[in-house]
Amino acid sequence: MELEDLKQLIELLKETDITEIQVEKEGTKVKIKREKFFQPLEAAAPKSPSVQESLIKKEIEDEMQRLITVTSPIVGTFYRSPSPEAPIFVETGLRVKKGQVLCIIEAMKLMNEIESEVDGILLKALVENGQPVEYGEPLFLIEPL
Amino acid sequence: MELEDLKQLIELLKETDITEIQVEKEGTKVKIKREKFFQPLEAAAPKSPSVQESLIKKEIEDEMQRLITVTSPIVGTFYRSPSPEAPIFVETGLRVKKGQVLCIIEAMKLMNEIESEVDGILLKALVENGQPVEYGEPLFLIEPL
Amino acid sequence: MKLFKKILVANRGEIAVRIIRACKELDIKTVAVYSDVDKESMHTKLADESVCIGPANSAQSYNNIPGILTAAEITDSEAIHPGYGFLSENPQFAEACLSSGIIFIGPSADSIRLGGDKAKARQTMKRRGVPVVPGSDGPVVTEEAALKIAKKIGFPVIIKASAGGGGRGMRIAKEEPEFEKQYYMAQREALTAFGNGELYIEKYITEMRHIEVQILGDSKGNIIHLGERDCSIQRRHQKLIEESPSFIATQKFRKKIGDYAVKAARALKYRNAGTVEFIVEPAGNIYFMEMNTRLQVEHPVTEYVSGVDIVKEQIKIAAGLPLEWKQIQIKLSGHAIECRINAEDPERFIPCPGKITFLALPGGPGVRVDTAAYNGCVIPSHYDSLIAKLIVHGRDRAEAIARMKRALDEFIIEGIKTTIPFHKKALNSPAFIKGDFTTGFIEKMNAPVQNTGKESA
Amino acid sequence: MKLFKKILVANRGEIAVRIIRACKELDIKTVAVYSDVDKESMHTKLADESVCIGPANSAQSYNNIPGILTAAEITDSEAIHPGYGFLSENPQFAEACLSSGIIFIGPSADSIRLGGDKAKARQTMKRRGVPVVPGSDGPVVTEEAALKIAKKIGFPVIIKASAGGGGRGMRIAKEEPEFEKQYYMAQREALTAFGNGELYIEKYITEMRHIEVQILGDSKGNIIHLGERDCSIQRRHQKLIEESPSFIATQKFRKKIGDYAVKAARALKYRNAGTVEFIVEPAGNIYFMEMNTRLQVEHPVTEYVSGVDIVKEQIKIAAGLPLEWKQIQIKLSGHAIECRINAEDPERFIPCPGKITFLALPGGPGVRVDTAAYNGCVIPSHYDSLIAKLIVHGRDRAEAIARMKRALDEFIIEGIKTTIPFHKKALNSPAFIKGDFTTGFIEKMNAPVQNTGKESA
């Protein structure tokens, strides 16, 4: 192994999180060790999840970011149907169209219809029927199509 | 592996965070280890002085650490001579012996003689004659011999 | 004592904290409402429940009537305390509370309206024998009629918007030639600011003290006052230092101004806590200025000298309880001073929002701090710049001043600029110490040449 | 009013801060002394000057008489305020001040000595007609003589060191057989702790309230009292909650115990502020316990109800000024409670020094905080664990309790354990609320089975 090879090897390591490498070849033996790469600083290190966990988490996060969260534009009471007897506006798992009414927020005896801003699938309702909601409170998750 | 190669190898390592390298080749065995990389972590980096400045500072600090600081063991008034008319105990730049009186701290009309704890040279007096001093206040710098 | 089970506090900052404290001591649950930038605010943390009612913009949050009433409904709040500012003097809000079956802790919508119409209030007071600054008898209708009145009372005059108050919507005409211009300027301003161009005219008084009287009225028609506050230390009509008693108040003076204040409150059929503001000339003439139909920022000064917890009394009055005191039972003792600590540059008074990186509050005897600030909190740029009120009490004015000075020295706020340096300067100024000042105090204090001239004279 | 130019404060922590505050308000310069671990302490930062007098060990710093007097000399201090603890009840220190020409802000060395000799003080009081707990007439000389007295007064008895006080150097003998053992144990403890084996004997009273009276005496021989404090909420003789007035004090009771206290102070020719402690039995019997010849930790409780700034009065008295009040002019109003916030585990009361990582102090009406703590400060392990006193004032006891509860909720100290949870529990306990407690309160509160038994009874 020539110096040039060594150089390349070292260069190679730079981009990785490898901390030790040993090579034996044709009577040449090379061992390179280094400090923990990435520097997840000592203090923070014990808390940080494994790389794999991080990746899974990241995927979920990416997935979540694709979804659209419908939040309440006002304080009020959340209703999924126009009246107690009527069927609910949209069942979970079904398609919704942009402009379609998703729910009602009642405030001061006024029924405020909340419409979907996108075409998509209503994945999840985050609030129970009849519950009070704050300004900005997440109501639904929609997967846009 | 020639000296020139080694030099280059060392040069190579400078830019990296490698802490140990071992090469065995044709009966030559080289092992290079070093302290944790420069580490002034990103956050601290901008504040840290240049390497050269650090070295100079370090030298001064080392020099300072060799010196002995005589501090006041009590609160009181600092006098460099036994009485206003008498000559001062030790002039700056002169040798002092262990146990030799360096000054007096007056407290409650009592004259407390402060002795040198080492043989050395009295480099500097840090307090003016007749000034009040606190507990722990530095009085003299002595270079031990 | 049957009060309320739960009160919604329709405000933020130190006054929301103040109200929550009173409720806690009365064993009443509290609901905080907040805008999304106030999620980490102290009032949100201290209340038993909290509801986000809108974005930072106060029109959509702290001034959002349907949002606040809905928050009250979904939390089963029985009453709403509006604090000061925001909806506290909004008669529509008081009415909306009433029609929603929620008790508004304050006066009736009618009292608020009467207090808010400055020209009409002037007329009402005059009729009831409360002296007003010489000027028009109610609103003026045309520029010609206004000029006629101005000439009668003599220049300078001040042209004010009927819907104004608190220093907004005012124009001064120093002499006749500029009257026309100022009249139309005032009218335009009034229209822009209040959507109502109605004006009235008063003699412009340059040398004056601003002295106000704290009023408490119950639902049975009993009205008492808790003495006066001197709020003459102002900058552009914004109060900075308040004290009680006023340096110039004798027993006789207090009786007189107190009687006027009670008369004024009675004219408005006033219920709950309110403040009657007066102009007092150096010669001693007292003129009604306006009535503030709400809790005042500077109420702690009166609490200290009277021993009455004004916020608790507001709640008791709203619950229908009669006043516990007759006028004669109100005893004032000692001297109290308040300094308003604003997040402002202390020289130019420019707001300075941001993060408080270190906070140390003063303590010890006779010191009260009302604040919603804490270590590491952020003062948002959307609301007013008051971050703390430092109030002290002493046996006499000299002790109160000494105490305030040492408390200001202990008060450390890092990360943002505050008015603390201004207060230190003001409290050391000879005019303040002597008690010899008018509303022109700050201009004089900041004019060193003039000061030196005066001192050598 | 000619007082002092400069005072040295020979203490640390909250009481040093309290004294510096009083000096600042009186326009007197201050000198802080500190041990090297206290360099960043608040008292060091607040004083005009500060002098390091020794290492952490208090024998070489806060109890270092030559060091403190030298610090006074080199800073040209005219007087020394000793606070409480440390040198405050050390007659040698008072004498050393005198002979150094520095005014000791406190009583004479003779008064301190008389107050410190518990057996002699008993004798003195008895002679002057102040009732003492049945027991020996001064110190006892032999075990036989002591036993004879014990049998006469009846078991259980308590054997106390003449040089003791504040709960140290005491042994209880429940019945005759164990008397001898306890006697010699007490003697050995007294010798070890105080270098003085002199003992005296008292009837051991198990059910009692600890009630004390604040005294002020001037150099002209005028002595007044400022009412009583009830300090029955104690753990192993360490007070945790104090209040004024006592729940059990009628006007008549206050007159009686106040008269005793003034008599006691007069017997010691007492000058400056002091406290006479009494044992009060449920049946109402009052017995002199001891006199503390210094400022007391819990003095703010009395300041709140009397309106007298006790620390300022100490300084004025030391400067030779006569008392401003006659007894009849002292008016007590409202109710005050103090909770001692210690850096201790709230269950087992084990000291918990360390760094305060976040601090939020309570505020608003009727709340006073005396502390030397600030955000990020370190509570050293070398000194006592008191980090803050939270004192509240209300119109009556119910309001004071409600106020204390809400203030405790607002008081946030992170990084170390404190007694705040203990106080919350105590203030919610039915016995405390009813005012029905003795010095055994904490043991009873922490014994849930017993409590339940009582409630169902």
# chains A, B, ... in the order shown; residues from 1 in each chain; ligands from 1

$ closest_atom_pairs --of "chain D" --to "chain C" --cutoff "7 Å" --atoms "only C-alpha atoms" --output "JSON lines"
{"residue": "D:Arg18", "atom": "CA", "partner": "C:Gly364", "partner_atom": "CA", "distance": 6.6}
{"residue": "D:Arg21", "atom": "CA", "partner": "C:Arg406", "partner_atom": "CA", "distance": 6.9}
{"residue": "D:Lys24", "atom": "CA", "partner": "C:Arg406", "partner_atom": "CA", "distance": 6.2}
{"residue": "D:Glu25", "atom": "CA", "partner": "C:Ala402", "partner_atom": "CA", "distance": 4.9}
{"residue": "D:Ala360", "atom": "CA", "partner": "C:Tyr374", "partner_atom": "CA", "distance": 6.4}
{"residue": "D:Gly363", "atom": "CA", "partner": "C:Val369", "partner_atom": "CA", "distance": 5.4}
{"residue": "D:Gly364", "atom": "CA", "partner": "C:Asp370", "partner_atom": "CA", "distance": 5.1}
{"residue": "D:Pro365", "atom": "CA", "partner": "C:Arg368", "partner_atom": "CA", "distance": 6.5}
{"residue": "D:Val367", "atom": "CA", "partner": "C:Arg368", "partner_atom": "CA", "distance": 7.0}
{"residue": "D:Arg368", "atom": "CA", "partner": "C:Gly364", "partner_atom": "CA", "distance": 6.0}
{"residue": "D:Val369", "atom": "CA", "partner": "C:Gly363", "partner_atom": "CA", "distance": 5.4}
{"residue": "D:Asp370", "atom": "CA", "partner": "C:Gly364", "partner_atom": "CA", "distance": 5.1}
{"residue": "D:Tyr374", "atom": "CA", "partner": "C:Ala360", "partner_atom": "CA", "distance": 6.5}
{"residue": "D:Ala402", "atom": "CA", "partner": "C:Glu25", "partner_atom": "CA", "distance": 4.9}
{"residue": "D:Arg403", "atom": "CA", "partner": "C:Glu25", "partner_atom": "CA", "distance": 5.5}
{"residue": "D:Arg406", "atom": "CA", "partner": "C:Lys24", "partner_atom": "CA", "distance": 6.3}

$ select_by_dssp --residues "stretch 364-412 of chain C" --states "strand (DSSP E or B)" --output "ChimeraX atom specification"
/C:367-371,378-379,386-394,412

$ interface_residues --of "chain B" --to "chain D" --cutoff "7 Å" --atoms "only C-alpha atoms" --output "JSON, numbers by chain"
{"B": [74, 75, 76, 107, 108, 132, 134, 135]}

$ write_last_selection --atoms "N, CA, C and O atoms" --output "PDB file, in the first residue's frame"
ATOM      1  N   ILE B  74      -5.324  37.005  55.872  1.00  0.00           N
ATOM      2  CA  ILE B  74      -6.323  37.724  56.682  1.00  0.00           C
ATOM      3  C   ILE B  74      -6.649  39.059  56.030  1.00  0.00           C
ATOM      4  O   ILE B  74      -5.957  39.511  55.120  1.00  0.00           O
ATOM      5  N   VAL B  75      -7.712  39.663  56.520  1.00  0.00           N
ATOM      6  CA  VAL B  75      -8.022  41.040  56.139  1.00  0.00           C
ATOM      7  C   VAL B  75      -7.128  41.968  56.943  1.00  0.00           C
ATOM      8  O   VAL B  75      -6.907  41.719  58.126  1.00  0.00           O
ATOM      9  N   GLY B  76      -6.655  43.010  56.349  1.00  0.00           N
ATOM     10  CA  GLY B  76      -5.857  43.941  57.131  1.00  0.00           C
ATOM     11  C   GLY B  76      -5.217  45.000  56.271  1.00  0.00           C
ATOM     12  O   GLY B  76      -5.636  45.230  55.131  1.00  0.00           O
ATOM     13  N   ALA B 107      -3.841  43.919  61.576  1.00  0.00           N
ATOM     14  CA  ALA B 107      -5.271  43.723  61.810  1.00  0.00           C
ATOM     15  C   ALA B 107      -5.503  43.862  63.299  1.00  0.00           C
ATOM     16  O   ALA B 107      -4.805  43.219  64.095  1.00  0.00           O
ATOM     17  N   MET B 108      -6.433  44.667  63.709  1.00  0.00           N
ATOM     18  CA  MET B 108      -6.742  44.861  65.124  1.00  0.00           C
ATOM     19  C   MET B 108      -5.487  45.263  65.903  1.00  0.00           C
ATOM     20  O   MET B 108      -5.248  44.752  66.988  1.00  0.00           O
ATOM     21  N   PRO B 132      -5.265  48.655  52.219  1.00  0.00           N
ATOM     22  CA  PRO B 132      -6.001  47.535  52.819  1.00  0.00           C
ATOM     23  C   PRO B 132      -6.020  46.333  51.866  1.00  0.00           C
ATOM     24  O   PRO B 132      -6.020  46.512  50.650  1.00  0.00           O
ATOM     25  N   GLU B 134      -7.781  42.266  51.289  1.00  0.00           N
ATOM     26  CA  GLU B 134      -8.784  41.287  51.670  1.00  0.00           C
ATOM     27  C   GLU B 134      -8.136  39.940  51.944  1.00  0.00           C
ATOM     28  O   GLU B 134      -6.988  39.726  51.572  1.00  0.00           O
ATOM     29  N   TYR B 135      -8.940  39.026  52.477  1.00  0.00           N
ATOM     30  CA  TYR B 135      -8.509  37.625  52.563  1.00  0.00           C
ATOM     31  C   TYR B 135      -8.303  37.114  51.141  1.00  0.00           C
ATOM     32  O   TYR B 135      -9.145  37.333  50.277  1.00  0.00           O
TER      33      TYR B 135
END

$ residues_around --residues "stretch 81-90 of chain B" --least-positions-apart "3" --cutoff "7 Å" --atoms "only C-alpha atoms" --output "list in words"
Leu94, Val101, Leu102, Cys103 and Ile104 of chain B

$ write_last_selection --atoms "N, CA and C atoms" --output "mmCIF file, in the first residue's frame"
data_model
loop_
_atom_site.group_PDB
_atom_site.id
_atom_site.type_symbol
_atom_site.label_atom_id
_atom_site.label_comp_id
_atom_site.auth_asym_id
_atom_site.auth_seq_id
_atom_site.Cartn_x
_atom_site.Cartn_y
_atom_site.Cartn_z
ATOM 1 N N LEU B 94 15.151 40.947 44.458
ATOM 2 C CA LEU B 94 16.127 40.292 45.345
ATOM 3 C C LEU B 94 15.656 38.904 45.743
ATOM 4 N N VAL B 101 10.563 37.119 56.315
ATOM 5 C CA VAL B 101 9.377 37.985 56.362
ATOM 6 C C VAL B 101 9.318 38.849 55.108
ATOM 7 N N LEU B 102 8.152 38.845 54.480
ATOM 8 C CA LEU B 102 7.973 39.617 53.253
ATOM 9 C C LEU B 102 7.266 40.934 53.515
ATOM 10 N N CYS B 103 6.343 40.904 54.471
ATOM 11 C CA CYS B 103 5.547 42.093 54.754
ATOM 12 C C CYS B 103 4.801 41.875 56.062
ATOM 13 N N ILE B 104 4.084 42.894 56.438
ATOM 14 C CA ILE B 104 3.237 42.813 57.629
ATOM 15 C C ILE B 104 1.801 43.107 57.214
#

$ interface_residues --of "chain A" --to "chain B" --cutoff "6 Å" --atoms "only C-alpha atoms" --output "PyMOL selection string"
chain A and resi 28-34

$ write_last_selection --atoms "N, CA and C atoms" --output "short mmCIF file (atom, residue, chain, number, x, y, z; two decimals), in the first residue's frame"
data_model
loop_
_atom_site.label_atom_id
_atom_site.label_comp_id
_atom_site.auth_asym_id
_atom_site.auth_seq_id
_atom_site.Cartn_x
_atom_site.Cartn_y
_atom_site.Cartn_z
N THR A 28 1.23 -6.05 4.07
CA THR A 28 1.08 -4.68 4.57
C THR A 28 -0.13 -4.66 5.53
N LYS A 29 0.03 -4.01 6.61
CA LYS A 29 -1.03 -3.97 7.60
C LYS A 29 -1.32 -2.50 7.91
N VAL A 30 -2.53 -2.09 7.73
CA VAL A 30 -2.86 -0.69 8.01
C VAL A 30 -4.02 -0.65 9.00
N LYS A 31 -3.88 0.18 9.99
CA LYS A 31 -4.98 0.35 10.94
C LYS A 31 -5.20 1.85 11.14
N ILE A 32 -6.41 2.28 10.93
CA ILE A 32 -6.70 3.71 11.13
C ILE A 32 -7.84 3.84 12.15
N LYS A 33 -7.61 4.68 13.09
CA LYS A 33 -8.65 4.91 14.11
C LYS A 33 -8.98 6.39 14.15
N ARG A 34 -10.15 6.71 14.45
CA ARG A 34 -10.40 8.14 14.67
C ARG A 34 -11.53 8.34 15.68
#

$ residues_around --residues "stretch 129-133 of chain D" --least-positions-apart "2" --cutoff "12 Å" --atoms "only C-alpha atoms" --output "PyMOL selection string"
chain D and resi 118-127+135-138+153+157-158+200-205+208+256-267+276-281+285-290

$ write_last_selection --atoms "C-alpha atoms" --output "short mmCIF file (atom, residue, chain, number, x, y, z; two decimals), in the first residue's frame"
data_model
loop_
_atom_site.label_atom_id
_atom_site.label_comp_id
_atom_site.auth_asym_id
_atom_site.auth_seq_id
_atom_site.Cartn_x
_atom_site.Cartn_y
_atom_site.Cartn_z
CA LYS D 118 -30.80 30.57 80.31
CA ALA D 119 -30.74 29.44 83.96
CA LYS D 120 -29.91 32.90 85.20
CA ALA D 121 -32.50 34.49 82.93
CA ARG D 122 -35.12 32.17 84.47
CA GLN D 123 -34.15 33.35 87.92
CA THR D 124 -34.20 36.98 86.89
CA MET D 125 -37.64 36.64 85.32
CA LYS D 126 -39.10 34.85 88.30
CA ARG D 127 -37.86 37.60 90.59
CA GLY D 135 -38.52 23.97 87.72
CA SER D 136 -35.21 24.66 89.37
CA ASP D 137 -34.51 28.03 90.86
CA GLY D 138 -31.48 28.76 88.74
CA ILE D 153 -42.41 19.33 89.99
CA VAL D 157 -39.04 16.99 83.08
CA ILE D 158 -36.62 18.57 80.65
CA TYR D 200 -31.27 23.58 84.95
CA ILE D 201 -34.53 21.72 85.11
CA GLU D 202 -38.04 22.47 83.95
CA LYS D 203 -41.33 20.70 83.82
CA TYR D 204 -41.60 19.26 80.30
CA ILE D 205 -44.64 20.71 78.57
CA MET D 208 -47.78 24.05 73.80
CA LYS D 256 -50.80 40.31 79.21
CA ILE D 257 -48.07 38.66 77.17
CA GLY D 258 -46.91 42.07 75.93
CA ASP D 259 -46.57 43.31 79.50
CA TYR D 260 -44.56 40.22 80.43
CA ALA D 261 -42.29 40.77 77.44
CA VAL D 262 -41.66 44.41 78.28
CA LYS D 263 -40.97 43.42 81.90
CA ALA D 264 -38.52 40.76 80.70
CA ALA D 265 -36.75 43.24 78.44
CA ARG D 266 -36.61 45.78 81.23
CA ALA D 267 -35.03 43.16 83.52
CA VAL D 276 -39.09 37.33 74.24
CA GLU D 277 -40.20 33.74 73.65
CA PHE D 278 -43.00 32.17 75.64
CA ILE D 279 -44.55 28.76 76.08
CA VAL D 280 -48.32 29.01 75.99
CA GLU D 281 -50.34 26.04 77.17
CA ASN D 285 -50.90 29.62 80.90
CA ILE D 286 -47.99 31.73 79.73
CA TYR D 287 -44.42 30.90 80.70
CA PHE D 288 -41.23 32.76 79.83
CA MET D 289 -38.95 30.54 77.73
CA GLU D 290 -36.00 32.70 76.68
#

$ residues_around --residues "B:Arg95" --least-positions-apart "4" --cutoff "12 Å" --atoms "only C-alpha atoms" --output "list in words"
Phe89, Val90, Glu91, Gln100, Val101, Leu102, Ser116, Val118, Asp119, Gly120, Ile121, Leu122, Leu123, Lys124, Ile142, Glu143, Pro144 and Leu145 of chain B

$ write_last_selection --atoms "all heavy atoms" --output "short mmCIF file (atom, residue, chain, number, x, y, z; two decimals), in the first residue's frame"
data_model
loop_
_atom_site.label_atom_id
_atom_site.label_comp_id
_atom_site.auth_asym_id
_atom_site.auth_seq_id
_atom_site.Cartn_x
_atom_site.Cartn_y
_atom_site.Cartn_z
N PHE B 89 11.15 45.28 53.85
CA PHE B 89 11.66 43.94 54.14
C PHE B 89 12.49 43.38 52.98
O PHE B 89 13.62 42.97 53.16
CB PHE B 89 10.50 42.98 54.45
CG PHE B 89 9.84 43.24 55.78
CD1 PHE B 89 8.55 43.75 55.84
CD2 PHE B 89 10.51 42.97 56.97
CE1 PHE B 89 7.94 43.99 57.05
CE2 PHE B 89 9.89 43.21 58.19
CZ PHE B 89 8.60 43.72 58.23
N VAL B 90 11.92 43.34 51.81
CA VAL B 90 12.64 42.80 50.64
C VAL B 90 12.35 43.66 49.42
O VAL B 90 11.19 43.93 49.11
CB VAL B 90 12.18 41.35 50.31
CG1 VAL B 90 13.18 40.70 49.36
CG2 VAL B 90 11.99 40.51 51.53
N GLU B 91 13.41 44.07 48.78
CA GLU B 91 13.24 44.83 47.55
C GLU B 91 12.86 43.90 46.40
O GLU B 91 13.29 42.73 46.37
CB GLU B 91 14.55 45.53 47.19
CG GLU B 91 14.97 46.65 48.11
CD GLU B 91 14.15 47.92 47.93
OE1 GLU B 91 13.33 47.97 47.00
OE2 GLU B 91 14.32 48.84 48.73
N GLN B 100 11.52 33.81 55.40
CA GLN B 100 11.87 35.22 55.51
C GLN B 100 10.60 36.09 55.48
O GLN B 100 9.68 35.81 54.72
CB GLN B 100 12.79 35.58 54.34
CG GLN B 100 13.39 36.97 54.43
CD GLN B 100 14.34 37.25 53.26
OE1 GLN B 100 14.84 36.31 52.62
NE2 GLN B 100 14.59 38.51 52.99
N VAL B 101 10.56 37.12 56.31
CA VAL B 101 9.38 37.99 56.36
C VAL B 101 9.32 38.85 55.11
O VAL B 101 10.31 39.48 54.74
CB VAL B 101 9.40 38.86 57.62
CG1 VAL B 101 8.25 39.87 57.60
CG2 VAL B 101 9.32 38.01 58.88
N LEU B 102 8.15 38.84 54.48
CA LEU B 102 7.97 39.62 53.25
C LEU B 102 7.27 40.93 53.51
O LEU B 102 7.51 41.94 52.86
CB LEU B 102 7.13 38.81 52.26
CG LEU B 102 7.70 37.46 51.82
CD1 LEU B 102 6.70 36.72 50.96
CD2 LEU B 102 9.00 37.69 51.04
N SER B 116 7.82 34.10 53.52
CA SER B 116 7.89 33.38 52.24
C SER B 116 7.86 31.88 52.52
O SER B 116 8.48 31.41 53.47
CB SER B 116 9.17 33.75 51.50
OG SER B 116 9.23 33.00 50.31
N VAL B 118 8.87 29.77 50.23
CA VAL B 118 9.88 29.14 49.36
C VAL B 118 11.13 30.01 49.28
O VAL B 118 11.11 31.20 49.65
CB VAL B 118 9.34 28.96 47.92
CG1 VAL B 118 8.22 27.95 47.87
CG2 VAL B 118 8.90 30.30 47.36
N ASP B 119 12.18 29.42 48.82
CA ASP B 119 13.35 30.18 48.38
C ASP B 119 13.07 30.67 46.98
O ASP B 119 12.53 29.91 46.15
CB ASP B 119 14.59 29.25 48.34
CG ASP B 119 14.99 28.80 49.74
OD1 ASP B 119 14.62 29.48 50.72
OD2 ASP B 119 15.65 27.74 49.84
N GLY B 120 13.45 31.90 46.71
CA GLY B 120 13.18 32.37 45.36
C GLY B 120 13.55 33.83 45.19
O GLY B 120 14.26 34.41 46.02
N ILE B 121 13.03 34.40 44.09
CA ILE B 121 13.27 35.82 43.83
C ILE B 121 11.93 36.54 43.90
O ILE B 121 10.94 36.10 43.31
CB ILE B 121 13.92 36.01 42.45
CG1 ILE B 121 15.35 35.47 42.50
CG2 ILE B 121 13.93 37.48 42.04
CD1 ILE B 121 16.01 35.33 41.15
N LEU B 122 11.94 37.63 44.63
CA LEU B 122 10.71 38.42 44.74
C LEU B 122 10.55 39.23 43.47
O LEU B 122 11.23 40.24 43.27
CB LEU B 122 10.78 39.35 45.95
CG LEU B 122 9.48 40.09 46.22
CD1 LEU B 122 8.53 39.21 47.02
CD2 LEU B 122 9.74 41.39 46.97
N LEU B 123 9.67 38.75 42.59
CA LEU B 123 9.55 39.40 41.28
C LEU B 123 8.76 40.69 41.33
O LEU B 123 9.09 41.66 40.68
CB LEU B 123 8.84 38.45 40.30
CG LEU B 123 9.66 37.35 39.67
CD1 LEU B 123 8.87 36.70 38.56
CD2 LEU B 123 10.98 37.91 39.12
N LYS B 124 7.69 40.68 42.11
CA LYS B 124 6.78 41.83 42.03
C LYS B 124 5.96 41.94 43.30
O LYS B 124 5.51 40.93 43.85
CB LYS B 124 5.84 41.61 40.83
CG LYS B 124 5.19 42.85 40.31
CD LYS B 124 4.52 42.58 38.98
CE LYS B 124 3.51 43.67 38.64
NZ LYS B 124 4.01 45.04 38.75
N ILE B 142 6.56 35.42 43.45
CA ILE B 142 7.91 34.93 43.72
C ILE B 142 8.26 33.85 42.69
O ILE B 142 7.44 32.97 42.40
CB ILE B 142 8.00 34.34 45.14
CG1 ILE B 142 7.81 35.46 46.17
CG2 ILE B 142 9.34 33.63 45.36
CD1 ILE B 142 7.90 35.00 47.61
N GLU B 143 9.45 33.98 42.15
CA GLU B 143 9.92 32.93 41.25
C GLU B 143 10.76 31.97 42.07
O GLU B 143 11.83 32.34 42.57
CB GLU B 143 10.76 33.54 40.13
CG GLU B 143 11.20 32.49 39.12
CD GLU B 143 12.01 33.10 37.98
OE1 GLU B 143 12.30 34.31 38.04
OE2 GLU B 143 12.36 32.35 37.08
N PRO B 144 10.32 30.75 42.25
CA PRO B 144 11.06 29.83 43.11
C PRO B 144 12.37 29.39 42.44
O PRO B 144 12.45 29.31 41.22
CB PRO B 144 10.10 28.64 43.27
CG PRO B 144 9.15 28.73 42.14
CD PRO B 144 9.13 30.14 41.66
N LEU B 145 13.34 29.16 43.26
CA LEU B 145 14.66 28.74 42.73
C LEU B 145 14.96 27.31 43.14
O LEU B 145 14.50 26.85 44.18
CB LEU B 145 15.74 29.69 43.27
CG LEU B 145 15.65 31.11 42.72
CD1 LEU B 145 16.67 31.99 43.40
CD2 LEU B 145 15.87 31.11 41.20
#

$ select_by_dssp --residues "stretch 141-177 of chain C" --states "alpha helix (DSSP H)" --output "JSON, numbers by chain"
{"C": [143, 144, 145, 146, 147, 148, 149, 150, 151, 152, 153]}

$ residues_around --residues "stretch 425-431 of chain D" --least-positions-apart "2" --cutoff "9 Å" --atoms "only C-alpha atoms" --output "list of chain:residue names"
D:Ile401, D:Ala402, D:Met404, D:Lys405, D:Ile420, D:Pro421, D:Phe422, D:His423, D:Ile433, D:Lys434, D:Gly435, D:Asp436, D:Phe437, D:Phe441, D:Ile442, D:Met445

$ closest_residue --among "C:Gly284, C:Thr30, C:Ile341, C:Phe4" --to "C:Thr250" --atoms "only C-alpha atoms"
C:Gly284

$ atom_distance --atom1 "atom CA of D:Met291" --atom2 "atom CA of D:Gly274"
7.3 Å

$ atom_distance --atom1 "atom CA of A:Ile105" --atom2 "atom CA of A:Tyr79"
6.2 Å

$ residues_around --residues "A:Glu128" --least-positions-apart "3" --cutoff "10 Å" --atoms "only C-alpha atoms" --output "list in words"
Phe78, Tyr79, Arg80, Ala125, Gln131, Pro132, Val133 and Leu139 of chain A

$ atom_distance --atom1 "atom CA of D:Ile211" --atom2 "atom CA of D:Gln251"
14.8 Å

$ decode --residues "stretch 39-45 of chain C" --atoms "N, CA and C atoms" --output "tab-separated table (two decimals), in the first residue's frame"
chain	number	residue	atom	x	y	z
C	39	LYS	N	-48.55	31.81	23.78
C	39	LYS	CA	-48.70	30.46	24.33
C	39	LYS	C	-47.86	30.26	25.59
C	40	GLU	N	-46.68	30.87	25.62
C	40	GLU	CA	-45.79	30.70	26.76
C	40	GLU	C	-45.88	31.87	27.75
C	41	SER	N	-46.90	32.68	27.61
C	41	SER	CA	-47.03	33.83	28.50
C	41	SER	C	-47.43	33.38	29.90
C	42	MET	N	-47.07	34.21	30.88
C	42	MET	CA	-47.32	33.83	32.27
C	42	MET	C	-48.80	33.65	32.56
C	43	HIS	N	-49.66	34.50	32.00
C	43	HIS	CA	-51.09	34.38	32.32
C	43	HIS	C	-51.63	33.03	31.85
C	44	THR	N	-51.09	32.55	30.73
C	44	THR	CA	-51.51	31.26	30.20
C	44	THR	C	-51.07	30.12	31.12
C	45	LYS	N	-49.89	30.31	31.72
C	45	LYS	CA	-49.37	29.27	32.62
C	45	LYS	C	-50.07	29.29	33.98
